[in-house]
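Participant: Below is the structure I would like to discuss, written out as C-alpha cells.
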Amino acid sequence: MSTSATPPGWAETLLRVVLGPGDLDSVSGDLLEEYRESILPARGQRRADLWYVTQVLGFVSPGACVGGALFGAAFVARTALDWFAPPSDFHARANVSTELGVAILLATGFWAAWRSHSFVGGTIAGVAAAVIGAGVSLVGAAALLAVRHDPQTMAAILGSGGLGEVFTLPLMMVLPGLLLGTVGGLAGAAGRKLHSA
Amino acid sequence: MAETLGAFEQAVLLAIVRLGDDAYGRAILKEVQARLERDVAAGAVHATLERLEDKGLIASRLGSGTPVRGGRARRFYRLQPKGLRALNDARAAVDSLWRGLRWPLKGSV
C-alpha cells in the first residue's frame, strides 16, 4: 500500500470543482483511500487511474447524461418532423425546439449546481450535455436518413436546410451548452445556498 | 407516515446499520458492493447518502483523516429514528407481500 501514489491531478481538480465544500474532503479522501489501498495494488497504475477518472465522472455525469439524452432526442424529433412532415413555415417549430433546447440545458446546469453546490458544476454539466446531445443527434439523424431517403424525403431535407445543417448544427451546441449550463448553474448554486440557509 | 425507500436506499441504510460506528463513505461503498454483488459508483452512494440526510433519515459528522487519505477527514453516518422507522416499514411491506408464499417460487412462468 502506498501513501504517496496520486491519481491524475486534473481529475482531482475536476472533483474539487463539482463537489461542495462540505463534501470535498470526505469524498476525495474516500476515493484516494480506495485508490491507494485497493485499486492500485490490484490493478496497477494505468487501470487505477482509469478507475479514478471513471469515479470522478460519476459525480459529474448523471444529470448531464439525462440532459444530453433529452437534448439529442428533441433534436432528432424535430429533424424527423421536418423531414417526414414538412411545414410551409418553419418558424413555429424553430421557436418551440429552440426554447425546449434552452430549457433542457438550463435545467441540466441548475440540477448539477444544486447537487454540487457550485455553479462550475453547472458549466461542466451543460458542456457535457451538449456533447452527449450532439452524439445522440448525429446518430439519430443518420438512422433517419438510412430508414428513409426517397426523393420526397430528400426534397424535404433540402427545404429544411439540407444535410449539412443537420450534421453540423449539433456540433455547434457546445458553446450554448457552456453558456446556458453556467446560467442554470448560477441559479442552481444560489437556490441551493438559499435552501440551506 | 414513514418515508418509502427504494432498493438502493435500503442497501445504503442497511450498510450503515451493519457498519455501526465505522460507517463512513468508503466503508459504506464496499459494504453495498459486497451485498449487491456488483460494482457501484462512489457517486451513486454519495448522492444517496446526501438525499437520505436531506430527508432526515441519517445524520453525519466529520472524523479525523489518515495518512493514506492524505489527511482528509472521514464523514461518518448514523441512522436516525426516522430512518429506523423507514427501514422497519420497508421490511414489513416486503414481508406482507410475500406472506403465504413459499420461497423460492416454483413452476413455469
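Residue numbering restarts at 1 in every chain; chains get A, B, ... in the order shown in the C-alpha cells, and ligands count up from 1 in that same order.
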Compile the residues of chain B that lie within 10 Å of chain A, evaluated using only C-alpha atoms, and express the compilation as a VMD selection string.
Facilitator: chain B and resid 24 to 27 29 to 30 40 to 44 46 to 47 50 to 51 62 to 76
Participant: Which residue out of B:Gly6, B:Ala92, B:Asp54, B:Val12 has the minimum interatomic distance to B:Gln33 when only C-alpha atoms are used?
Facilitator: B:Val12
Participant: For B:Val94, work out the shell of residues within 12 Å, counting only C-alpha atoms and skipping chain neighbours fewer than 4 positions away, then give it as a CSV table (one decimal) with N, CA and C atoms, in the first residue's frame.
Facilitator:
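What landed in part-v1.csv:
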```
chain,number,residue,atom,x,y,z
B,4,THR,N,-41.0,6.2,2.0
B,4,THR,CA,-40.9,5.0,1.2
B,4,THR,C,-39.5,4.9,0.6
B,5,LEU,N,-38.9,3.7,0.8
B,5,LEU,CA,-37.5,3.6,0.4
B,5,LEU,C,-37.4,2.8,-0.8
B,6,GLY,N,-36.4,3.2,-1.7
B,6,GLY,CA,-36.1,2.4,-2.9
B,6,GLY,C,-35.1,1.3,-2.4
B,7,ALA,N,-34.9,0.3,-3.3
B,7,ALA,CA,-34.0,-0.8,-3.0
B,7,ALA,C,-32.6,-0.3,-2.7
B,87,LEU,N,-36.9,1.9,7.5
B,87,LEU,CA,-36.3,0.5,7.3
B,87,LEU,C,-37.3,-0.6,7.8
B,88,ASN,N,-37.8,-0.4,9.0
B,88,ASN,CA,-38.8,-1.3,9.5
B,88,ASN,C,-40.0,-1.4,8.7
B,89,ASP,N,-40.5,-0.3,8.2
B,89,ASP,CA,-41.7,-0.3,7.3
B,89,ASP,C,-41.4,-1.0,6.0
B,90,ALA,N,-40.2,-0.7,5.5
B,90,ALA,CA,-39.9,-1.4,4.2
B,90,ALA,C,-39.9,-2.9,4.3
B,98,TRP,N,-45.1,-11.1,0.7
B,98,TRP,CA,-44.7,-12.5,0.5
B,98,TRP,C,-45.5,-13.5,1.4
B,99,ARG,N,-46.2,-12.9,2.3
B,99,ARG,CA,-46.9,-13.8,3.3
B,99,ARG,C,-47.8,-14.8,2.5
B,101,LEU,N,-46.7,-17.3,0.7
B,101,LEU,CA,-46.0,-17.8,-0.5
B,101,LEU,C,-44.7,-18.5,0.0
```
Participant: Can you list, as number ranges by chain, every protein, DNA or RNA residue that comes within 10 Å of stretch 129-139 of chain A when you count only C-alpha atoms, leaving out same-chain residues fewer than 4 positions away?
Facilitator: A: 61-77, 79, 101, 104-105, 108-109, 123-125, 143-145, 166-178, 181
Participant: May I ask for the distance between atom CA of A:Gly44 and atom CA of A:Glu12, given in Å to one decimal place?
Facilitator: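 Separation of atom CA of A:Gly44 and atom CA of A:Glu12: 18.6 Å.
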Participant: Run DSSP on the backbone of this structure and report the residues of stretch 40-75 of chain B it assigns to helix (DSSP H, G or I), as a VMD selection string.
Facilitator: chain B and resid 42 to 54 67 to 69
Participant: Put those residues in a file: C-alpha atoms, as a PDB file, in the first residue's frame.
Facilitator:
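Once written, selection39.pdb looks like this:
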```pdb
ATOM      1  CA  ALA B  42     -18.961   6.139  -5.438  1.00  0.00           C
ATOM      2  CA  GLY B  43     -21.047   8.989  -6.857  1.00  0.00           C
ATOM      3  CA  ALA B  44     -24.233   6.915  -6.641  1.00  0.00           C
ATOM      4  CA  VAL B  45     -23.639   6.133  -2.959  1.00  0.00           C
ATOM      5  CA  HIS B  46     -22.719   9.741  -2.237  1.00  0.00           C
ATOM      6  CA  ALA B  47     -25.879  11.061  -3.923  1.00  0.00           C
ATOM      7  CA  THR B  48     -27.984   8.577  -1.946  1.00  0.00           C
ATOM      8  CA  LEU B  49     -26.325   9.492   1.356  1.00  0.00           C
ATOM      9  CA  GLU B  50     -26.922  13.166   0.628  1.00  0.00           C
ATOM     10  CA  ARG B  51     -30.589  12.508  -0.189  1.00  0.00           C
ATOM     11  CA  LEU B  52     -31.129  10.371   2.922  1.00  0.00           C
ATOM     12  CA  GLU B  53     -29.533  13.063   5.078  1.00  0.00           C
ATOM     13  CA  ASP B  54     -31.720  15.743   3.492  1.00  0.00           C
ATOM     14  CA  PRO B  67      -2.143   9.383   6.019  1.00  0.00           C
ATOM     15  CA  VAL B  68      -3.488   7.125   3.274  1.00  0.00           C
ATOM     16  CA  ARG B  69      -6.312   9.641   2.745  1.00  0.00           C
TER      17      ARG B  69
END
```
